[in-house]
file my_file.txt (compact mmCIF, N, CA and C atoms)
# COMPACT_ATOMS: atom_id res chain seq x y z
N THR U 1 -3.71 9.75 18.28
CA THR U 1 -2.85 9.70 17.10
C THR U 1 -3.65 9.25 15.90
N ILE U 2 -3.19 9.65 14.75
CA ILE U 2 -3.84 9.26 13.50
C ILE U 2 -2.97 8.24 12.80
N SER U 3 -3.58 7.13 12.44
CA SER U 3 -2.84 6.07 11.76
C SER U 3 -2.58 6.47 10.32
N THR U 4 -1.37 6.25 9.87
CA THR U 4 -1.04 6.52 8.47
C THR U 4 -0.82 5.21 7.72
N GLY U 5 -1.20 4.10 8.35
CA GLY U 5 -1.04 2.78 7.72
C GLY U 5 -2.05 2.56 6.61
N ASN U 6 -1.89 1.45 5.92
CA ASN U 6 -2.81 1.10 4.85
C ASN U 6 -4.18 0.75 5.41
N CYS U 7 -5.21 1.03 4.64
CA CYS U 7 -6.56 0.59 4.99
C CYS U 7 -6.66 -0.88 4.64
N SER U 8 -7.48 -1.60 5.39
CA SER U 8 -7.67 -3.00 5.06
C SER U 8 -9.16 -3.30 4.98
N VAL U 9 -9.48 -4.31 4.21
CA VAL U 9 -10.87 -4.77 4.06
C VAL U 9 -10.89 -6.28 4.14
N VAL U 10 -12.06 -6.81 4.48
CA VAL U 10 -12.27 -8.26 4.47
C VAL U 10 -12.95 -8.58 3.14
N VAL U 11 -12.32 -9.43 2.36
CA VAL U 11 -12.82 -9.77 1.02
C VAL U 11 -14.17 -10.46 1.14
N GLN U 12 -15.15 -9.94 0.40
CA GLN U 12 -16.48 -10.55 0.38
C GLN U 12 -16.49 -11.77 -0.54
N GLY U 13 -17.37 -12.71 -0.23
CA GLY U 13 -17.52 -13.90 -1.05
C GLY U 13 -18.38 -13.61 -2.27
N VAL U 14 -17.88 -13.96 -3.44
CA VAL U 14 -18.62 -13.70 -4.68
C VAL U 14 -18.82 -14.96 -5.53
N ILE U 15 -18.43 -16.12 -5.00
CA ILE U 15 -18.61 -17.37 -5.75
C ILE U 15 -20.11 -17.60 -5.97
N GLY U 16 -20.47 -17.94 -7.21
CA GLY U 16 -21.87 -18.16 -7.56
C GLY U 16 -22.53 -16.93 -8.17
N GLN U 17 -21.89 -15.76 -8.03
CA GLN U 17 -22.44 -14.54 -8.61
C GLN U 17 -21.99 -14.40 -10.06
N SER U 18 -22.70 -13.57 -10.82
CA SER U 18 -22.28 -13.30 -12.19
C SER U 18 -20.98 -12.51 -12.16
N GLN U 19 -20.23 -12.56 -13.25
CA GLN U 19 -18.97 -11.82 -13.32
C GLN U 19 -19.22 -10.34 -13.07
N MET U 20 -20.28 -9.79 -13.67
CA MET U 20 -20.57 -8.37 -13.51
C MET U 20 -20.89 -8.01 -12.06
N ASP U 21 -21.74 -8.82 -11.42
CA ASP U 21 -22.10 -8.55 -10.03
C ASP U 21 -20.88 -8.67 -9.12
N ALA U 22 -20.09 -9.72 -9.31
CA ALA U 22 -18.92 -9.95 -8.47
C ALA U 22 -17.92 -8.81 -8.62
N THR U 23 -17.70 -8.39 -9.85
CA THR U 23 -16.77 -7.29 -10.09
C THR U 23 -17.25 -6.02 -9.39
N GLY U 24 -18.53 -5.75 -9.46
CA GLY U 24 -19.10 -4.57 -8.80
C GLY U 24 -18.93 -4.61 -7.30
N VAL U 25 -19.18 -5.76 -6.70
CA VAL U 25 -19.04 -5.91 -5.24
C VAL U 25 -17.60 -5.66 -4.81
N LEU U 26 -16.67 -6.32 -5.51
CA LEU U 26 -15.27 -6.22 -5.11
C LEU U 26 -14.70 -4.83 -5.37
N GLN U 27 -15.05 -4.23 -6.51
CA GLN U 27 -14.58 -2.88 -6.79
C GLN U 27 -15.17 -1.89 -5.80
N GLY U 28 -16.39 -2.18 -5.34
CA GLY U 28 -17.02 -1.34 -4.33
C GLY U 28 -16.27 -1.37 -3.00
N GLN U 29 -15.50 -2.42 -2.78
CA GLN U 29 -14.67 -2.52 -1.58
C GLN U 29 -13.32 -1.85 -1.78
N GLY U 30 -13.08 -1.31 -2.98
CA GLY U 30 -11.80 -0.69 -3.26
C GLY U 30 -10.76 -1.66 -3.79
N LEU U 31 -11.21 -2.85 -4.19
CA LEU U 31 -10.28 -3.88 -4.67
C LEU U 31 -10.19 -3.85 -6.19
N THR U 32 -9.06 -4.27 -6.70
CA THR U 32 -8.87 -4.44 -8.14
C THR U 32 -9.27 -5.88 -8.47
N VAL U 33 -9.99 -6.07 -9.57
CA VAL U 33 -10.47 -7.40 -9.95
C VAL U 33 -9.72 -7.87 -11.18
N GLN U 34 -9.19 -9.08 -11.09
CA GLN U 34 -8.56 -9.74 -12.23
C GLN U 34 -9.43 -10.96 -12.55
N VAL U 35 -9.75 -11.14 -13.83
CA VAL U 35 -10.65 -12.23 -14.23
C VAL U 35 -9.88 -13.32 -14.96
N ALA U 36 -10.06 -14.54 -14.49
CA ALA U 36 -9.54 -15.73 -15.18
C ALA U 36 -10.75 -16.54 -15.61
N SER U 37 -10.59 -17.38 -16.62
CA SER U 37 -11.73 -18.21 -17.02
C SER U 37 -11.34 -19.67 -16.99
N THR U 38 -12.34 -20.51 -16.83
CA THR U 38 -12.13 -21.95 -16.82
C THR U 38 -13.22 -22.62 -17.65
N THR U 39 -12.86 -23.72 -18.29
CA THR U 39 -13.85 -24.49 -19.04
C THR U 39 -14.18 -25.78 -18.30
N THR U 40 -13.50 -26.03 -17.16
CA THR U 40 -13.76 -27.23 -16.37
C THR U 40 -14.78 -26.88 -15.29
N CYS U 41 -16.01 -26.69 -15.73
CA CYS U 41 -17.08 -26.32 -14.81
C CYS U 41 -18.41 -26.77 -15.40
N ASP U 42 -19.43 -26.73 -14.57
CA ASP U 42 -20.78 -27.10 -14.99
C ASP U 42 -21.32 -26.03 -15.95
N PRO U 43 -21.74 -26.42 -17.15
CA PRO U 43 -22.25 -25.42 -18.11
C PRO U 43 -23.37 -24.56 -17.55
N SER U 44 -24.10 -25.04 -16.55
CA SER U 44 -25.17 -24.23 -15.96
C SER U 44 -24.60 -23.03 -15.20
N GLN U 45 -23.29 -23.06 -14.92
CA GLN U 45 -22.64 -21.96 -14.20
C GLN U 45 -21.97 -20.95 -15.15
N ASN U 46 -22.22 -21.08 -16.46
CA ASN U 46 -21.61 -20.18 -17.44
C ASN U 46 -21.78 -18.72 -17.04
N GLY U 47 -20.68 -17.97 -17.03
CA GLY U 47 -20.72 -16.55 -16.69
C GLY U 47 -20.67 -16.26 -15.21
N ASN U 48 -20.69 -17.31 -14.39
CA ASN U 48 -20.66 -17.13 -12.94
C ASN U 48 -19.28 -17.42 -12.37
N VAL U 49 -19.01 -16.83 -11.21
CA VAL U 49 -17.73 -17.03 -10.53
C VAL U 49 -17.72 -18.40 -9.88
N THR U 50 -16.65 -19.19 -10.15
CA THR U 50 -16.52 -20.53 -9.58
C THR U 50 -15.43 -20.60 -8.52
N ASP U 51 -14.55 -19.57 -8.49
CA ASP U 51 -13.45 -19.56 -7.51
C ASP U 51 -12.97 -18.12 -7.35
N GLN U 52 -12.36 -17.85 -6.20
CA GLN U 52 -11.78 -16.54 -5.98
C GLN U 52 -10.54 -16.67 -5.12
N SER U 53 -9.60 -15.74 -5.34
CA SER U 53 -8.38 -15.74 -4.56
C SER U 53 -7.96 -14.30 -4.34
N PRO U 54 -7.79 -13.84 -3.11
CA PRO U 54 -7.91 -14.62 -1.88
C PRO U 54 -9.36 -14.99 -1.57
N ALA U 55 -9.52 -15.96 -0.70
CA ALA U 55 -10.84 -16.49 -0.35
C ALA U 55 -11.66 -15.47 0.42
N ALA U 56 -12.97 -15.68 0.40
CA ALA U 56 -13.88 -14.84 1.17
C ALA U 56 -13.47 -14.87 2.65
N GLY U 57 -13.55 -13.70 3.28
CA GLY U 57 -13.23 -13.61 4.70
C GLY U 57 -11.77 -13.28 4.98
N THR U 58 -10.95 -13.23 3.91
CA THR U 58 -9.53 -12.90 4.07
C THR U 58 -9.39 -11.39 4.22
N GLN U 59 -8.62 -10.95 5.19
CA GLN U 59 -8.36 -9.53 5.36
C GLN U 59 -7.14 -9.15 4.52
N VAL U 60 -7.29 -8.11 3.69
CA VAL U 60 -6.21 -7.66 2.82
C VAL U 60 -6.01 -6.16 3.00
N ASN U 61 -4.77 -5.73 2.80
CA ASN U 61 -4.46 -4.31 2.84
C ASN U 61 -4.63 -3.72 1.45
N LEU U 62 -5.28 -2.56 1.39
CA LEU U 62 -5.46 -1.89 0.10
C LEU U 62 -4.18 -1.16 -0.27
N PRO U 63 -3.82 -1.05 -1.53
CA PRO U 63 -4.52 -1.64 -2.67
C PRO U 63 -4.28 -3.14 -2.77
N ALA U 64 -5.28 -3.87 -3.24
CA ALA U 64 -5.15 -5.33 -3.37
C ALA U 64 -5.93 -5.79 -4.59
N THR U 65 -5.53 -6.93 -5.11
CA THR U 65 -6.19 -7.52 -6.28
C THR U 65 -6.82 -8.84 -5.88
N VAL U 66 -8.06 -9.05 -6.32
CA VAL U 66 -8.74 -10.33 -6.13
C VAL U 66 -8.91 -10.95 -7.51
N THR U 67 -8.50 -12.19 -7.64
CA THR U 67 -8.68 -12.91 -8.90
C THR U 67 -9.95 -13.75 -8.80
N ILE U 68 -10.86 -13.54 -9.73
CA ILE U 68 -12.07 -14.36 -9.79
C ILE U 68 -11.97 -15.26 -11.02
N THR U 69 -12.39 -16.51 -10.85
CA THR U 69 -12.42 -17.47 -11.97
C THR U 69 -13.86 -17.61 -12.42
N VAL U 70 -14.08 -17.36 -13.71
CA VAL U 70 -15.43 -17.37 -14.27
C VAL U 70 -15.58 -18.56 -15.19
N CYS U 71 -16.71 -19.25 -15.07
CA CYS U 71 -17.00 -20.42 -15.91
C CYS U 71 -17.29 -19.97 -17.33
N SER U 72 -16.59 -20.59 -18.28
CA SER U 72 -16.86 -20.32 -19.69
C SER U 72 -16.94 -21.65 -20.44
N SER U 73 -17.71 -22.57 -19.86
CA SER U 73 -17.87 -23.90 -20.44
C SER U 73 -18.70 -23.81 -21.71
N PRO U 74 -18.29 -24.52 -22.74
CA PRO U 74 -19.10 -24.50 -23.97
C PRO U 74 -20.47 -25.13 -23.71
N SER U 75 -21.46 -24.58 -24.34
CA SER U 75 -22.82 -25.12 -24.17
C SER U 75 -22.87 -26.53 -24.74
N PRO U 76 -23.62 -27.41 -24.08
CA PRO U 76 -23.75 -28.77 -24.62
C PRO U 76 -24.42 -28.74 -25.99
N THR U 77 -23.96 -29.60 -26.86
CA THR U 77 -24.53 -29.67 -28.21
C THR U 77 -25.81 -30.49 -28.18
N THR U 78 -26.85 -29.93 -28.72
CA THR U 78 -28.13 -30.62 -28.78
C THR U 78 -28.43 -31.00 -30.22
N THR U 79 -28.72 -32.25 -30.44
CA THR U 79 -29.06 -32.71 -31.78
C THR U 79 -30.56 -32.90 -31.85
N THR U 80 -31.15 -32.25 -32.85
CA THR U 80 -32.60 -32.35 -33.03
C THR U 80 -32.87 -33.06 -34.35
N THR U 81 -33.71 -34.08 -34.30
CA THR U 81 -34.09 -34.80 -35.50
C THR U 81 -35.54 -34.49 -35.80
N THR U 82 -35.79 -34.05 -37.02
CA THR U 82 -37.17 -33.72 -37.41
C THR U 82 -37.59 -34.70 -38.50
N THR U 83 -38.74 -35.31 -38.31
CA THR U 83 -39.29 -36.24 -39.31
C THR U 83 -40.54 -35.60 -39.89
N THR U 84 -40.58 -35.51 -41.17
CA THR U 84 -41.74 -34.93 -41.84
C THR U 84 -42.44 -36.01 -42.65
N THR U 85 -43.73 -36.13 -42.41
CA THR U 85 -44.53 -37.11 -43.14
C THR U 85 -45.49 -36.36 -44.04
N THR U 86 -45.45 -36.71 -45.32
CA THR U 86 -46.35 -36.05 -46.29
C THR U 86 -47.36 -37.08 -46.78
N THR U 87 -48.61 -36.73 -46.72
CA THR U 87 -49.65 -37.63 -47.27
C THR U 87 -50.36 -36.90 -48.40
N THR U 88 -50.68 -37.64 -49.41
CA THR U 88 -51.42 -37.04 -50.55
C THR U 88 -52.80 -37.66 -50.59
N ALA U 89 -53.77 -36.80 -50.89
CA ALA U 89 -55.14 -37.27 -50.91
C ALA U 89 -55.57 -37.61 -52.32

call {"tool": "encode", "arguments": {"input": "my_file.txt", "output": "C-alpha cells"}}
result
Amino acid sequence: TISTGNCSVVVQGVIGQSQMDATGVLQGQGLTVQVASTTTCDPSQNGNVTDQSPAAGTQVNLPATVTITVCSSPSPTTTTTTTTTTTTA
C-alpha cells in the first residue's frame, strides 16, 4: 500500500548558526522559517540563532514552521580618548 499521510522530518539543530545558514538548513528540510529577534543575548552572538522552536530532534509533520530567535544585541559602546601633545622647537 502507498501511504497518503503527511511527510515528516526531524528538525535539525541550528542554534549558534548565522540566520542565513539556519534558514537555509531548515528550508532545505521543507520547513517554513519564522524569525524572531532578541536583545537579551551576548553581543558576540549578533546575527546568530540563540533559540529555536520546536527544538532540535523534534519530529514534525510537513508543512511545519520553525521559529528561530536571532540575537540583535546592540554593540557595546567604546569610548576612545586621544591626547595630542604639540611641541615647538

call {"tool": "closest_residue", "arguments": {"input": "my_file.txt", "among": "U:Ser72, U:Ser37, U:Gln59, U:Thr88", "to": "Ser8 in chain U", "atoms": "only N, CA and C atoms"}}
result
U:Gln59

call {"tool": "closest_residue", "arguments": {"input": "my_file.txt", "among": "U:Thr82, U:Thr39, U:Asn48, U:Asn6", "to": "Ile68 in chain U", "atoms": "all atoms listed in the file"}}
result
U:Asn48

call {"tool": "residues_around", "arguments": {"input": "my_file.txt", "residues": "Met20 in chain U", "least_positions_apart": "6", "cutoff": "8 Å", "atoms": "only N, CA and C atoms", "output": "list of chain:residue names"}}
result
U:Leu26, U:Gly47, U:Asn48, U:Val49

call {"tool": "closest_residue", "arguments": {"input": "my_file.txt", "among": "U:Thr40, U:Gln12, U:Gln34, U:Thr83", "to": "Val66 in chain U", "atoms": "only C-alpha atoms"}}
result
U:Gln34

call {"tool": "residues_around", "arguments": {"input": "my_file.txt", "residues": "Thr50 in chain U", "least_positions_apart": "3", "cutoff": "7 Å", "atoms": "all atoms listed in the file", "output": "PyMOL selection string"}}
result
chain U and resi 14-17+68-71

call {"tool": "atom_distance", "arguments": {"input": "my_file.txt", "atom1": "atom C of Ala36 in chain U", "atom2": "atom C of Gly24 in chain U"}}
result
16.7 Å

call {"tool": "atom_distance", "arguments": {"input": "my_file.txt", "atom1": "atom N of Gly28 in chain U", "atom2": "atom N of Gln45 in chain U"}}
result
24.0 Å

call {"tool": "atom_distance", "arguments": {"input": "my_file.txt", "atom1": "CA of Gly13 in chain U", "atom2": "CA of Asn61 in chain U"}}
result
16.7 Å

call {"tool": "select_by_dssp", "arguments": {"input": "my_file.txt", "residues": "range 19-65 of chain U", "states": "strand (DSSP E or B)", "output": "PyMOL selection string"}}
result
chain U and resi 32-38+48-53+59-61+65

call {"tool": "closest_residue", "arguments": {"input": "my_file.txt", "among": "U:Asp51, U:Ala22, U:Thr67, U:Val10", "to": "Val35 in chain U", "atoms": "only N, CA and C atoms"}}
result
U:Thr67
